[in-house]
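Q: structure-v2.txt is reproduced below (compact mmCIF, C-alpha atoms).
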# COMPACT_ATOMS: atom_id res chain seq x y z
CA MET A 1 -24.29 10.85 -6.03
CA SER A 2 -21.48 13.36 -5.73
CA THR A 3 -18.29 12.52 -7.58
CA LEU A 4 -15.33 12.67 -5.22
CA SER A 5 -12.87 12.92 -8.11
CA ALA A 6 -14.41 16.28 -9.06
CA ALA A 7 -12.79 17.76 -5.95
CA LEU A 8 -9.35 16.71 -7.15
CA PRO A 9 -7.02 18.49 -9.57
CA ASP A 10 -6.20 16.99 -12.95
CA PHE A 11 -3.70 14.15 -12.66
CA PRO A 12 -0.48 16.05 -13.43
CA TRP A 13 1.20 13.54 -15.70
CA ASP A 14 -1.83 13.35 -17.98
CA LEU A 15 -1.12 17.00 -18.85
CA LEU A 16 2.40 16.04 -19.94
CA GLU A 17 1.27 13.76 -22.77
CA PRO A 18 1.73 16.29 -25.62
CA ALA A 19 5.32 17.01 -24.53
CA LYS A 20 5.92 13.29 -24.15
CA ALA A 21 4.75 12.69 -27.71
CA LYS A 22 7.05 15.43 -28.99
CA ALA A 23 10.04 14.02 -27.10
CA ALA A 24 9.26 10.50 -28.31
CA ALA A 25 9.45 11.72 -31.92
CA HIS A 26 13.16 12.54 -31.53
CA PRO A 27 15.27 10.35 -33.88
CA GLY A 28 17.26 9.04 -30.94
CA GLY A 29 14.18 8.23 -28.88
CA ILE A 30 12.87 9.81 -25.71
CA VAL A 31 14.93 10.39 -22.57
CA ASP A 32 12.25 10.41 -19.89
CA LEU A 33 13.46 12.36 -16.86
CA SER A 34 9.98 13.39 -15.76
CA VAL A 35 9.21 10.72 -13.15
CA GLY A 36 11.50 9.45 -10.40
CA THR A 37 10.86 5.79 -11.13
CA PRO A 38 13.83 3.46 -10.58
CA VAL A 39 15.28 1.75 -13.65
CA ASP A 40 18.09 -0.31 -12.14
CA PRO A 41 17.62 -3.96 -11.08
CA VAL A 42 16.13 -4.96 -7.74
CA PRO A 43 19.03 -6.28 -5.62
CA GLU A 44 19.34 -10.06 -5.68
CA LEU A 45 19.06 -10.54 -1.91
CA ILE A 46 15.69 -8.75 -1.93
CA ARG A 47 14.38 -10.74 -4.88
CA ARG A 48 15.48 -13.95 -3.17
CA ALA A 49 13.67 -12.98 0.03
CA LEU A 50 10.50 -12.25 -1.95
CA ALA A 51 10.69 -15.59 -3.77
CA ASP A 52 11.40 -17.55 -0.60
CA ALA A 53 8.28 -16.06 1.01
CA SER A 54 6.04 -16.54 -2.04
CA ASP A 55 4.18 -19.55 -0.58
CA ALA A 56 1.86 -17.30 1.44
CA PRO A 57 -1.71 -18.66 1.32
CA GLY A 58 -2.91 -16.94 4.50
CA TYR A 59 -3.73 -13.32 5.26
CA PRO A 60 -0.71 -11.22 6.26
CA LEU A 61 -0.60 -9.05 9.36
CA THR A 62 -1.61 -5.41 8.85
CA ALA A 63 0.82 -4.47 11.61
CA GLY A 64 3.61 -6.37 9.89
CA THR A 65 5.32 -9.47 11.18
CA PRO A 66 7.28 -9.10 14.42
CA ALA A 67 10.46 -9.49 12.39
CA LEU A 68 9.46 -6.65 10.06
CA ARG A 69 8.47 -4.35 12.92
CA THR A 70 11.85 -5.00 14.51
CA ALA A 71 13.65 -4.37 11.21
CA ILE A 72 11.84 -1.04 10.75
CA ALA A 73 12.48 0.10 14.32
CA ASP A 74 16.15 -0.89 14.13
CA TRP A 75 16.60 0.92 10.82
CA LEU A 76 14.95 4.08 12.16
CA ALA A 77 17.24 3.94 15.19
CA ARG A 78 20.31 3.65 12.96
CA ALA A 79 19.43 5.86 10.00
CA CYS A 80 17.40 8.49 11.84
CA ASN A 81 19.29 8.59 15.14
CA ALA A 82 16.07 7.81 16.97
CA SER A 83 16.67 6.45 20.48
CA GLY A 84 13.12 6.52 21.87
CA LYS A 85 10.34 3.93 21.77
CA LEU A 86 8.80 4.10 18.32
CA GLY A 87 5.51 2.98 16.93
CA VAL A 88 6.03 1.50 13.45
CA LEU A 89 3.72 0.31 10.68
CA PRO A 90 4.34 -0.96 7.13
CA THR A 91 2.39 0.76 4.35
CA ILE A 92 1.56 -0.06 0.74
CA GLY A 93 4.25 2.28 -0.53
CA SER A 94 4.29 5.84 0.76
CA LYS A 95 1.90 7.51 -1.71
CA GLU A 96 -1.20 5.79 -0.37
CA LEU A 97 -0.32 6.87 3.15
CA VAL A 98 0.29 10.46 2.05
CA ALA A 99 -3.07 10.52 0.24
CA TRP A 100 -5.10 8.97 3.05
CA LEU A 101 -3.30 10.18 6.18
CA PRO A 102 -5.51 13.25 6.81
CA THR A 103 -8.61 11.05 6.56
CA LEU A 104 -7.09 8.31 8.74
CA LEU A 105 -6.24 10.90 11.41
CA GLY A 106 -9.77 12.29 11.46
CA VAL A 107 -9.04 15.55 9.65
CA GLY A 108 -12.15 16.86 7.93
CA PRO A 109 -14.24 19.85 6.86
CA GLY A 110 -13.37 22.99 8.83
CA ASP A 111 -9.86 21.75 9.57
CA VAL A 112 -6.66 23.12 8.04
CA VAL A 113 -3.61 21.22 6.78
CA VAL A 114 -0.38 23.09 6.11
CA ILE A 115 1.79 21.85 3.24
CA PRO A 116 5.04 23.26 1.78
CA SER A 117 4.66 26.05 -0.77
CA VAL A 118 6.42 23.88 -3.37
CA CYS A 119 5.72 20.19 -2.90
CA TYR A 120 4.63 16.74 -4.02
CA PRO A 121 1.05 17.10 -5.38
CA THR A 122 -0.36 14.22 -3.29
CA TYR A 123 -0.18 16.28 -0.08
CA GLU A 124 -2.90 18.55 -1.46
CA VAL A 125 -4.82 15.60 -2.87
CA GLY A 126 -4.97 14.03 0.59
CA VAL A 127 -6.34 17.25 2.08
CA ARG A 128 -9.01 17.48 -0.58
CA LEU A 129 -10.02 13.85 -0.11
CA ALA A 130 -10.57 14.62 3.59
CA GLY A 131 -12.64 17.71 2.75
CA ALA A 132 -10.28 19.96 4.70
CA THR A 133 -8.64 23.26 3.75
CA VAL A 134 -5.06 23.42 2.51
CA ILE A 135 -2.59 26.24 3.23
CA ARG A 136 0.69 26.36 1.32
CA SER A 137 3.34 27.93 3.50
CA ASP A 138 6.95 27.43 4.50
CA SER A 139 6.54 29.79 7.46
CA LEU A 140 4.29 28.74 10.29
CA THR A 141 4.39 32.30 11.57
CA ALA A 142 2.58 33.30 8.39
CA VAL A 143 -0.12 30.71 9.10
CA GLY A 144 -1.15 32.69 12.17
CA PRO A 145 -2.70 31.62 15.47
CA THR A 146 -5.63 29.66 14.01
CA PRO A 147 -6.62 26.63 16.09
CA ARG A 148 -7.96 24.95 12.96
CA VAL A 149 -4.57 23.55 11.93
CA LYS A 150 -4.67 19.80 12.59
CA LEU A 151 -1.79 18.56 10.44
CA VAL A 152 1.50 20.00 9.18
CA TRP A 153 3.43 18.31 6.36
CA ILE A 154 7.16 18.84 6.01
CA ASN A 155 9.37 17.22 3.39
CA SER A 156 13.12 17.00 3.72
CA PRO A 157 14.87 16.31 1.41
CA SER A 158 12.21 17.99 -0.68
CA ASN A 159 10.54 16.58 -3.73
CA PRO A 160 10.92 18.42 -6.10
CA THR A 161 13.50 20.99 -4.94
CA GLY A 162 16.03 18.80 -3.12
CA LYS A 163 16.14 21.32 -0.26
CA VAL A 164 17.21 20.01 3.16
CA LEU A 165 15.68 21.47 6.32
CA PRO A 166 18.12 22.15 9.18
CA VAL A 167 17.70 20.76 12.68
CA ASP A 168 16.64 24.10 14.17
CA HIS A 169 13.82 24.45 11.64
CA LEU A 170 12.57 20.92 12.28
CA ARG A 171 12.60 21.52 16.03
CA LYS A 172 10.62 24.75 15.66
CA VAL A 173 7.97 23.03 13.55
CA VAL A 174 7.60 20.21 16.09
CA ASP A 175 7.32 22.72 18.96
CA TRP A 176 4.77 24.77 17.00
CA GLY A 177 2.67 21.69 16.32
CA ARG A 178 2.74 20.52 19.93
CA GLU A 179 1.72 23.95 21.23
CA ARG A 180 -1.39 23.81 19.02
CA GLY A 181 -2.19 20.12 19.14
CA ALA A 182 -1.36 19.65 15.45
CA VAL A 183 0.28 16.49 14.16
CA VAL A 184 3.62 17.05 12.37
CA VAL A 185 4.37 14.55 9.60
CA SER A 186 7.73 14.48 7.84
CA ASP A 187 8.04 12.85 4.41
CA GLU A 188 11.59 11.50 4.42
CA CYS A 189 11.56 9.18 1.42
CA TYR A 190 14.84 10.67 0.09
CA LEU A 191 16.68 10.67 3.41
CA SER A 192 19.48 8.38 2.22
CA LEU A 193 20.24 10.55 -0.82
CA GLY A 194 22.08 13.55 0.57
CA TRP A 195 24.70 15.04 -1.76
CA GLU A 196 25.79 18.48 -0.59
CA ALA A 197 23.96 18.37 2.75
CA ARG A 198 23.20 15.68 5.33
CA PRO A 199 19.43 15.26 5.71
CA VAL A 200 18.16 14.97 9.28
CA SER A 201 15.04 13.04 10.28
CA VAL A 202 12.32 14.61 12.37
CA LEU A 203 12.82 11.57 14.64
CA ASP A 204 16.45 12.48 15.27
CA ASP A 205 17.32 12.95 18.94
CA ALA A 206 18.55 16.44 18.06
CA VAL A 207 14.96 17.30 17.06
CA THR A 208 12.70 15.36 19.40
CA GLY A 209 15.02 14.03 22.12
CA GLY A 210 13.35 10.63 21.89
CA ASP A 211 9.86 12.03 22.52
CA TYR A 212 7.71 11.42 19.43
CA THR A 213 4.43 12.83 20.74
CA GLY A 214 2.48 14.22 17.80
CA VAL A 215 5.22 13.36 15.31
CA LEU A 216 5.35 10.88 12.42
CA ALA A 217 7.98 10.16 9.76
CA VAL A 218 7.10 8.55 6.42
CA HIS A 219 9.67 6.41 4.60
CA SER A 220 9.87 4.36 1.42
CA LEU A 221 12.07 1.65 -0.04
CA SER A 222 11.19 2.70 -3.60
CA LYS A 223 14.23 4.93 -4.08
CA ARG A 224 16.93 3.52 -1.82
CA SER A 225 16.32 -0.12 -2.84
CA ASN A 226 14.62 0.16 -6.27
CA LEU A 227 11.38 -1.26 -4.85
CA ALA A 228 8.83 1.10 -6.41
CA GLY A 229 7.17 -1.94 -7.99
CA TYR A 230 6.90 -3.70 -4.63
CA ARG A 231 4.95 -0.85 -2.94
CA ALA A 232 6.99 -1.02 0.25
CA GLY A 233 6.87 1.85 2.70
CA PHE A 234 6.47 2.46 6.41
CA VAL A 235 5.69 5.07 9.02
CA GLY A 236 7.28 5.53 12.42
CA GLY A 237 6.86 7.86 15.38
CA ASP A 238 4.24 8.52 18.05
CA PRO A 239 3.05 5.07 19.23
CA ALA A 240 -0.45 6.41 19.94
CA LEU A 241 -0.83 7.82 16.44
CA VAL A 242 0.58 4.66 14.87
CA GLY A 243 -1.87 2.62 16.94
CA GLU A 244 -4.75 4.71 15.63
CA LEU A 245 -3.57 4.23 12.04
CA LEU A 246 -3.28 0.48 12.62
CA ALA A 247 -6.79 0.20 14.05
CA ILE A 248 -8.32 1.87 11.00
CA ARG A 249 -6.12 0.14 8.44
CA LYS A 250 -7.09 -3.27 9.87
CA HIS A 251 -10.72 -2.46 9.13
CA ALA A 252 -9.91 -1.07 5.68
CA GLY A 253 -7.68 -3.95 4.56
CA MET A 254 -4.65 -1.74 3.97
CA ILE A 255 -2.18 -4.64 4.21
CA VAL A 256 1.30 -5.12 2.78
CA PRO A 257 1.49 -8.59 1.15
CA ALA A 258 3.47 -11.18 3.11
CA PRO A 259 6.17 -11.72 0.44
CA VAL A 260 6.75 -7.97 0.26
CA GLN A 261 7.07 -7.84 4.05
CA ALA A 262 9.82 -10.45 3.81
CA ALA A 263 11.54 -8.46 1.06
CA MET A 264 11.40 -5.33 3.23
CA ILE A 265 13.25 -7.13 6.03
CA ALA A 266 16.03 -8.05 3.63
CA ALA A 267 16.22 -4.52 2.23
CA LEU A 268 16.32 -2.84 5.63
CA GLY A 269 19.05 -5.16 6.86
CA ASP A 270 21.53 -4.41 4.09
CA GLU A 271 23.23 -1.11 3.25
CA THR A 272 25.66 -2.43 0.62
CA HIS A 273 23.08 -2.24 -2.16
CA VAL A 274 22.08 1.25 -1.03
CA ALA A 275 25.67 2.50 -1.30
CA ALA A 276 26.04 0.96 -4.76
CA GLN A 277 22.84 2.61 -5.97
CA ARG A 278 23.95 5.96 -4.53
CA ASP A 279 27.13 5.72 -6.60
CA LEU A 280 25.10 5.20 -9.78
CA TYR A 281 22.91 8.21 -9.03
CA ALA A 282 25.92 10.35 -8.09
CA ALA A 283 27.54 9.77 -11.47
CA ARG A 284 24.30 10.49 -13.36
CA ARG A 285 23.75 13.60 -11.26
CA ASP A 286 27.22 14.97 -12.03
CA SER A 287 26.78 14.39 -15.77
CA LEU A 288 23.33 15.97 -15.96
CA ARG A 289 24.19 18.90 -13.71
CA THR A 290 27.24 19.79 -15.81
CA ALA A 291 25.30 19.51 -19.07
CA LEU A 292 22.36 21.55 -17.81
CA THR A 293 24.63 24.31 -16.54
CA LYS A 294 26.46 24.47 -19.88
CA ALA A 295 23.08 24.68 -21.63
CA GLY A 296 22.20 27.80 -19.64
CA PHE A 297 20.18 26.32 -16.80
CA GLU A 298 20.50 27.46 -13.20
CA ILE A 299 20.24 24.69 -10.59
CA SER A 300 18.38 25.66 -7.40
CA HIS A 301 18.78 23.79 -4.10
CA SER A 302 19.14 20.14 -5.24
CA GLU A 303 21.51 19.34 -2.39
CA ALA A 304 19.75 16.01 -1.84
CA GLY A 305 17.26 13.67 -3.49
CA LEU A 306 16.81 12.33 -6.99
CA TYR A 307 16.15 15.54 -8.91
CA LEU A 308 17.82 18.64 -10.29
CA TRP A 309 15.54 21.64 -9.71
CA SER A 310 16.37 23.65 -12.80
CA THR A 311 15.35 26.92 -14.43
CA ARG A 312 15.94 28.90 -17.61
CA GLY A 313 14.15 31.92 -16.15
CA GLU A 314 10.96 31.30 -18.08
CA ASP A 315 7.56 29.66 -17.64
CA SER A 316 8.06 26.00 -16.77
CA TRP A 317 5.93 24.78 -19.68
CA GLN A 318 8.17 26.69 -22.10
CA THR A 319 11.17 24.90 -20.66
CA VAL A 320 9.37 21.56 -20.93
CA ASP A 321 8.73 22.29 -24.60
CA TRP A 322 12.39 23.34 -25.19
CA LEU A 323 13.59 20.07 -23.69
CA ALA A 324 10.97 18.01 -25.55
CA GLU A 325 12.27 19.37 -28.87
CA ARG A 326 15.56 17.73 -27.91
CA GLY A 327 13.87 14.46 -26.98
CA ILE A 328 14.07 15.05 -23.21
CA LEU A 329 11.00 14.94 -20.99
CA ALA A 330 10.96 16.84 -17.68
CA ALA A 331 8.23 17.67 -15.17
CA PRO A 332 7.10 21.32 -15.11
CA GLY A 333 7.35 23.14 -11.81
CA ALA A 334 3.70 24.07 -12.23
CA PHE A 335 2.88 20.55 -11.00
CA TYR A 336 4.29 21.43 -7.58
CA GLY A 337 2.57 24.69 -6.77
CA PRO A 338 2.17 28.27 -8.06
CA ALA A 339 5.52 29.32 -6.58
CA ALA A 340 7.31 26.74 -8.74
CA ASP A 341 6.16 27.79 -12.19
CA ARG A 342 9.60 28.88 -13.46
CA HIS A 343 11.44 25.63 -12.72
CA VAL A 344 11.42 22.09 -14.07
CA ARG A 345 12.19 18.90 -12.17
CA ILE A 346 14.76 16.70 -13.90
CA ALA A 347 15.08 13.17 -12.51
CA LEU A 348 18.27 11.16 -12.18
CA THR A 349 16.36 7.93 -12.71
CA ALA A 350 17.37 6.91 -16.21
CA THR A 351 19.88 4.38 -17.43
CA ASP A 352 23.47 5.43 -18.02
CA GLU A 353 22.84 5.16 -21.77
CA ARG A 354 19.80 7.45 -21.65
CA VAL A 355 21.56 9.94 -19.38
CA ALA A 356 24.47 10.02 -21.84
CA ALA A 357 21.99 10.71 -24.66
CA ALA A 358 20.49 13.61 -22.71
CA VAL A 359 23.94 15.05 -22.04
CA THR A 360 24.80 14.91 -25.75
CA ARG A 361 21.58 16.65 -26.71
CA LEU A 362 22.04 19.39 -24.11
CA THR A 363 25.65 20.15 -24.97
What is this structure when it is put down as structure tokens?
A:
Amino acid sequence: MSTLSAALPDFPWDLLEPAKAKAAAHPGGIVDLSVGTPVDPVPELIRRALADASDAPGYPLTAGTPALRTAIADWLARACNASGKLGVLPTIGSKELVAWLPTLLGVGPGDVVVIPSVCYPTYEVGVRLAGATVIRSDSLTAVGPTPRVKLVWINSPSNPTGKVLPVDHLRKVVDWGRERGAVVVSDECYLSLGWEARPVSVLDDAVTGGDYTGVLAVHSLSKRSNLAGYRAGFVGGDPALVGELLAIRKHAGMIVPAPVQAAMIAALGDETHVAAQRDLYAARRDSLRTALTKAGFEISHSEAGLYLWSTRGEDSWQTVDWLAERGILAAPGAFYGPAADRHVRIALTATDERVAAAVTRLT
């Protein structure tokens, strides 16, 4: 028996354990800014919706309830300026979809998947699980005329860099994919967290004009609604592609639990809690950015999202160690690709008290 896990890289955060132990030894305790996991409470209206739907003895619908499908489509129309007819599908968070999407779309050995040069590690994991070849590139021109490209990942706002792709770039990627029969998938999990730039969805009419052929957008409620623990995500776009995903996921049992589906409807129908959470992150971002700059860091991109992409002009593991000595844990850029090995990713997802502790230690 071959071991599939042997084809995968080491799980990045396992490599961070020594730095975590060093940071935890700080007299004031660790300030963990390495993972973008929400720490603020789940909004009451979402918790109430989950509780009210908790008597759910039967199997839920893989496609999502009609009410959930409507809520997703309506939100995409509002938030993404998408006027066309969308296919939509709830997913068990966004990470599982990112990891399994190449396989679900029939990508396999001999095929090529293009991912950003600096990006979320799970894009590459998904390619390896499918047995395909990965190319890291931010320029499709550099990829060349190969007909082997079956899937192109884009990510705006970017995790980890916070970079926002402009409309013209998104349109060129979509056109390039359509000319070659490659599916273009945009990871837009941080779309609602623009700071110095307004993120644009690949589904926006300015990009696709309401025609979603060969295009998918991946979204999550983990960040905007503090629902990382609920595993609540969704995908929207080309109805034919969504239909193919649904057909396979029905066989595989990839189903969002019924109470979580009800919670998603509540979350998608309310923007008040999203605005309140944005305000919390904005204040933490300002404090950390000021402190990092005073401590000699340079902040790159970071115009959107939940991270400050920071550098001291040295190897990222050296910076991780420097921060750990001060009781602060960050993620090394090395996790996100060879081109990122002189940056660290610093998350905004810590309590006000822990952020204040980090600021004190940095300044």
Q: Of the candidates A:Val88, A:Ala340, A:Ala19, A:Val149, which shows the shortest atom-to-atom distance to Val114 in chain A, using only C-alpha atoms?
A: A:Val149
Q: When you look at Asp341 in chain A with a cut-off of 9 Å (counting only C-alpha atoms), what residues show up, excluding the ones that are within fewer than 5 positions of it in the same chain? I need them as a count of residues only.
A: 9
Q: With distances taken over all atoms listed in the file, which of A:Val355, A:Leu170, A:Val207, A:Leu193 is nearest to Gln277 in chain A?
A: A:Leu193
Q: With distances taken over all atoms listed in the file, which of A:Ser156, A:Ser5, A:Thr272, A:Thr213 is nearest to His301 in chain A?
A: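 The shortest atom-to-atom distance to His301 in chain A comes from A:Ser156.
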Q: Counting all atoms listed in the file, select every polymer residue within 9 Å of (9.0, -10.4, 4.0) as defined in the file's coordinates, and provide the selection as a list in words.
A: Ala49, Leu50, Asp52, Ala53, Gly64, Thr65, Ala67, Leu68, Pro257, Ala258, Pro259, Val260, Gln261, Ala262, Ala263, Met264, Ile265 and Ala266 of chain A
Q: Interatomic distance between CA of Ser201 in chain A and CA of Cys80 in chain A?
A: 5.4 Å
Q: By how many Å are CA of Lys172 in chain A and CA of Val184 in chain A apart?
A: 10.9 Å
Q: May I ask which of the residues A:Met254, A:Ala130, A:Lys223, A:Ala358 is the closest one to Pro41 in chain A, counting only C-alpha atoms?
A: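 Nearest candidate to Pro41 in chain A out of A:Met254, A:Ala130, A:Lys223, A:Ala358: A:Lys223.
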Q: To one decimal in Å, tell me the separation between CA of Ala21 in chain A and CA of Gly327 in chain A.
A: 9.3 Å
Q: Can I get C-alpha atoms for range 82-138 of chain A, as a PDB file, in the first residue's frame?
A:
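See out_9.pdb below for the written result:
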ATOM      1  CA  ALA A  82     -22.940  39.420  -9.344  1.00  0.00           C
ATOM      2  CA  SER A  83     -26.060  39.870 -11.481  1.00  0.00           C
ATOM      3  CA  GLY A  84     -26.046  36.585 -13.428  1.00  0.00           C
ATOM      4  CA  LYS A  85     -27.556  33.191 -12.626  1.00  0.00           C
ATOM      5  CA  LEU A  86     -25.250  31.517 -10.134  1.00  0.00           C
ATOM      6  CA  GLY A  87     -24.756  27.951  -9.092  1.00  0.00           C
ATOM      7  CA  VAL A  88     -24.200  27.787  -5.319  1.00  0.00           C
ATOM      8  CA  LEU A  89     -23.221  25.054  -2.889  1.00  0.00           C
ATOM      9  CA  PRO A  90     -22.475  25.031   0.868  1.00  0.00           C
ATOM     10  CA  THR A  91     -19.182  23.454   1.928  1.00  0.00           C
ATOM     11  CA  ILE A  92     -17.735  22.167   5.194  1.00  0.00           C
ATOM     12  CA  GLY A  93     -15.675  25.310   5.649  1.00  0.00           C
ATOM     13  CA  SER A  94     -13.461  26.443   2.794  1.00  0.00           C
ATOM     14  CA  LYS A  95     -10.298  24.444   3.528  1.00  0.00           C
ATOM     15  CA  GLU A  96     -11.804  21.085   2.618  1.00  0.00           C
ATOM     16  CA  LEU A  97     -12.987  22.487  -0.700  1.00  0.00           C
ATOM     17  CA  VAL A  98      -9.576  23.996  -1.445  1.00  0.00           C
ATOM     18  CA  ALA A  99      -7.889  20.668  -0.658  1.00  0.00           C
ATOM     19  CA  TRP A 100     -10.259  18.492  -2.660  1.00  0.00           C
ATOM     20  CA  LEU A 101     -11.319  20.774  -5.519  1.00  0.00           C
ATOM     21  CA  PRO A 102      -8.698  19.566  -8.049  1.00  0.00           C
ATOM     22  CA  THR A 103      -9.747  15.967  -7.393  1.00  0.00           C
ATOM     23  CA  LEU A 104     -13.465  16.806  -7.533  1.00  0.00           C
ATOM     24  CA  LEU A 105     -12.956  18.540 -10.883  1.00  0.00           C
ATOM     25  CA  GLY A 106     -11.138  15.550 -12.369  1.00  0.00           C
ATOM     26  CA  VAL A 107      -7.648  17.036 -12.330  1.00  0.00           C
ATOM     27  CA  GLY A 108      -5.020  14.309 -12.190  1.00  0.00           C
ATOM     28  CA  PRO A 109      -1.579  13.064 -13.234  1.00  0.00           C
ATOM     29  CA  GLY A 110      -0.244  14.917 -16.270  1.00  0.00           C
ATOM     30  CA  ASP A 111      -2.359  17.989 -15.542  1.00  0.00           C
ATOM     31  CA  VAL A 112      -1.048  21.327 -14.271  1.00  0.00           C
ATOM     32  CA  VAL A 113      -2.543  23.618 -11.626  1.00  0.00           C
ATOM     33  CA  VAL A 114      -1.296  27.193 -11.325  1.00  0.00           C
ATOM     34  CA  ILE A 115      -1.200  28.718  -7.832  1.00  0.00           C
ATOM     35  CA  PRO A 116       0.090  32.121  -6.636  1.00  0.00           C
ATOM     36  CA  SER A 117       3.826  32.357  -5.971  1.00  0.00           C
ATOM     37  CA  VAL A 118       3.096  33.245  -2.332  1.00  0.00           C
ATOM     38  CA  CYS A 119      -0.036  31.577  -1.032  1.00  0.00           C
ATOM     39  CA  TYR A 120      -2.040  29.483   1.412  1.00  0.00           C
ATOM     40  CA  PRO A 121      -0.296  26.058   1.624  1.00  0.00           C
ATOM     41  CA  THR A 122      -3.495  24.058   1.018  1.00  0.00           C
ATOM     42  CA  TYR A 123      -3.573  25.028  -2.675  1.00  0.00           C
ATOM     43  CA  GLU A 124      -0.430  22.970  -3.215  1.00  0.00           C
ATOM     44  CA  VAL A 125      -1.702  20.197  -0.953  1.00  0.00           C
ATOM     45  CA  GLY A 126      -4.816  19.862  -3.111  1.00  0.00           C
ATOM     46  CA  VAL A 127      -2.715  19.557  -6.263  1.00  0.00           C
ATOM     47  CA  ARG A 128      -0.556  16.878  -4.705  1.00  0.00           C
ATOM     48  CA  LEU A 129      -3.583  14.928  -3.491  1.00  0.00           C
ATOM     49  CA  ALA A 130      -4.829  14.884  -7.094  1.00  0.00           C
ATOM     50  CA  GLY A 131      -1.442  13.704  -8.373  1.00  0.00           C
ATOM     51  CA  ALA A 132      -1.115  16.737 -10.641  1.00  0.00           C
ATOM     52  CA  THR A 133       1.771  19.160 -11.156  1.00  0.00           C
ATOM     53  CA  VAL A 134       1.850  22.550  -9.450  1.00  0.00           C
ATOM     54  CA  ILE A 135       3.275  25.751 -10.945  1.00  0.00           C
ATOM     55  CA  ARG A 136       3.755  28.789  -8.716  1.00  0.00           C
ATOM     56  CA  SER A 137       3.334  31.925 -10.781  1.00  0.00           C
ATOM     57  CA  ASP A 138       1.659  35.312 -10.607  1.00  0.00           C
TER      58      ASP A 138
END
